[in-house]
Amino acid sequence: MRLLTFLIVTLLFLQHSVVAQTGNGANDRFRGMWEYGKAGETDKVHAKLHIAGVQDHILYPAKLTLTVNEYTSTCYLLLAKKSIRQLAIGSQRNIIEETPFTAGASMHQFNGVFDLSADRSGGGFLTINRLRYSQVKLRNQKKDKPDARHATTATLLFNFLENDAVRFTKTSDSAWDEPAVFDILHSPYSGFYYGKRDTFGVKSLTGVTKFSGKHTGIVSASVNGRTIFDHAYARDKRIVNEIKLDTGANLIALFVEEYGKKPAQTVQMDLDFYTHQTALHFADKKDDRATFILLPVTYFGPIDTASPKLNNLKLMMEQMVQNRETIYYYPDTDGQQVSVNEDVQRKLLREATVVGNMTATSREVLLGLWDDAVEDGDSISLNINGTWVVQGMPVLKRPQFISVKLNAGVNKIIFIADNQGSIIPNTSMLEIIDERQRKSYKINTDYFQNNLINILYELPPGKGSP
């Protein structure tokens, strides 16, 4: 009877563990404070894992604090929802704070998944299931021989980080809410890499995945939290799975279930969206021993797949007009200039941070601008080569486009924050598309600084002014 009661409680707990699609979802059972051990115990690890609310369907930024005797360290993590009861641990290499000495506790071995379970009282706990570990090496900040106390602390720390039996008990439902949450979600543009790649633009809502090369291992994948395939063997090159995207921003996650012969030899998943192809693999050093890789994918609308051009800008804009999407033009096709007041002119004088430099392969380029996080009321103004193209343009979840005909030489595109929305600062994603390439940049402006992108366009030999 007790066993039956326990099973019923467990099933009810897991049923209510479905994560809501907003950061403040009432049914989000992962968010909150989780603890291992007790504070103040001698020669024992006390760990606190503070998890933020869910974002982008599956993402959970988190802060891990470890205390052993006099030693304390803090690091940031990005966790990804793998299933209704599992959070995968992402790639990270950065300990934010470590005192009073450096134990050299590389977080490589802190990988695998957190498994959500219920105890008999209905409370929750997270148990770590590992994949593979690396060895912790002891380093002293002064590079001298560490004393025995420090060596003991490092050993205790290593045993914790590579221990399968670590179980965190939930102590609070309060979500982690610090500025670092924003930085983690906007990796890699915020400086650190947590497993999230640069945004990849496609023109088809459907694509396929397949495995290639001599890679091994077992992996799963999802798009926007929907399963693409589950526990697939990388050696089976015959498996082809279809991907269906949503319009606008998408997030593809590739999860490791079992490493190959080496972590770096674990799977290469090719993604083919007909006109655009890319691949995800764990060969990069930054993904060594990671449990997942994330690929943001943005859909920019249909194209004629028979077109010989990689990016047929004319066709793209024709289809945007048919879809009643707004396109801004520089120079304005009607010769009209945007009226400017003195306040807007003063904004142009703010200090400008260069966020990108590129060489265009065609005179005409297309700028796509959108909010890849939370649509929070941001608006921007855009100045190109001293001319105002648009003012007070709201930054939306769906991309908006600006057609630019470049001048010969360097073209300066300045992004100016009109406000900072409900989430400071004013942020957005920008993709620049010419006939042969697409490049993505993170736009991050506020009341003190603008963003500047330089685009160099060189006239073909023998050509005059465009």
# chains A, B, ... in the order shown; residues from 1 in each chain; ligands from 1
>>> residues_around(residues="Leu64 of chain A", least_positions_apart="2", cutoff="7 Å", atoms="only C-alpha atoms", output="list in words")
Lys48, Leu49, His50, Ala62, Leu66, Thr74, Cys75 and Tyr76 of chain A
>>> residues_around(residues="segment 264-280 of chain A", least_positions_apart="3", cutoff="8 Å", atoms="only C-alpha atoms", output="VMD selection string")
chain A and resid 201 to 219 234 254 259 to 261 283 to 285 288 to 289 293 305 310
>>> write_last_selection(atoms="C-alpha atoms", output="PDB file, in the first residue's frame")
ATOM      1  CA  GLY A 201      19.245  32.194 -41.051  1.00  0.00           C
ATOM      2  CA  VAL A 202      17.159  29.997 -43.381  1.00  0.00           C
ATOM      3  CA  LYS A 203      14.503  30.554 -46.022  1.00  0.00           C
ATOM      4  CA  SER A 204      12.565  27.313 -45.655  1.00  0.00           C
ATOM      5  CA  LEU A 205      10.285  26.198 -42.835  1.00  0.00           C
ATOM      6  CA  THR A 206      11.297  22.582 -43.408  1.00  0.00           C
ATOM      7  CA  GLY A 207      14.646  20.837 -43.411  1.00  0.00           C
ATOM      8  CA  VAL A 208      16.253  17.486 -42.657  1.00  0.00           C
ATOM      9  CA  THR A 209      18.910  16.131 -40.312  1.00  0.00           C
ATOM     10  CA  LYS A 210      21.268  13.245 -40.907  1.00  0.00           C
ATOM     11  CA  PHE A 211      24.557  11.942 -39.501  1.00  0.00           C
ATOM     12  CA  SER A 212      27.851  11.980 -41.392  1.00  0.00           C
ATOM     13  CA  GLY A 213      31.515  11.130 -40.907  1.00  0.00           C
ATOM     14  CA  LYS A 214      33.073   8.481 -38.674  1.00  0.00           C
ATOM     15  CA  HIS A 215      31.439   9.779 -35.534  1.00  0.00           C
ATOM     16  CA  THR A 216      29.799   7.621 -32.886  1.00  0.00           C
ATOM     17  CA  GLY A 217      27.647   8.073 -29.806  1.00  0.00           C
ATOM     18  CA  ILE A 218      23.935   8.362 -29.040  1.00  0.00           C
ATOM     19  CA  VAL A 219      22.098  11.669 -29.283  1.00  0.00           C
ATOM     20  CA  ALA A 234      25.309   8.378 -34.830  1.00  0.00           C
ATOM     21  CA  LEU A 254      21.287  18.565 -29.805  1.00  0.00           C
ATOM     22  CA  TYR A 259      29.564   9.845 -25.850  1.00  0.00           C
ATOM     23  CA  GLY A 260      31.416   8.139 -28.677  1.00  0.00           C
ATOM     24  CA  LYS A 261      34.956   6.840 -28.283  1.00  0.00           C
ATOM     25  CA  ALA A 283      34.777  18.544 -31.984  1.00  0.00           C
ATOM     26  CA  ASP A 284      35.262  22.182 -30.946  1.00  0.00           C
ATOM     27  CA  LYS A 285      37.239  22.553 -27.730  1.00  0.00           C
ATOM     28  CA  ASP A 288      34.375  19.370 -24.943  1.00  0.00           C
ATOM     29  CA  ARG A 289      32.308  17.204 -22.567  1.00  0.00           C
ATOM     30  CA  ILE A 293      24.654  22.334 -28.263  1.00  0.00           C
ATOM     31  CA  THR A 305      14.898  27.214 -54.727  1.00  0.00           C
ATOM     32  CA  LEU A 310      22.641  32.071 -52.858  1.00  0.00           C
TER      33      LEU A 310
END
>>> closest_residue(among="A:Lys412, A:Arg130, A:Arg438, A:Arg398", to="Thr353 of chain A", atoms="only C-alpha atoms")
A:Lys412
>>> residues_around(residues="Phe415 of chain A", least_positions_apart="2", cutoff="7 Å", atoms="only C-alpha atoms", output="MDAnalysis selection string")
chainID A and resid 380:383 413 417 450:452
>>> select_by_dssp(residues="segment 161-298 of chain A", states="strand (DSSP E)", output="MDAnalysis selection string")
chainID A and resid 167:172 200:202 206:211 218:223 226:233 240:244 248:258 268:272 277:281 292:298
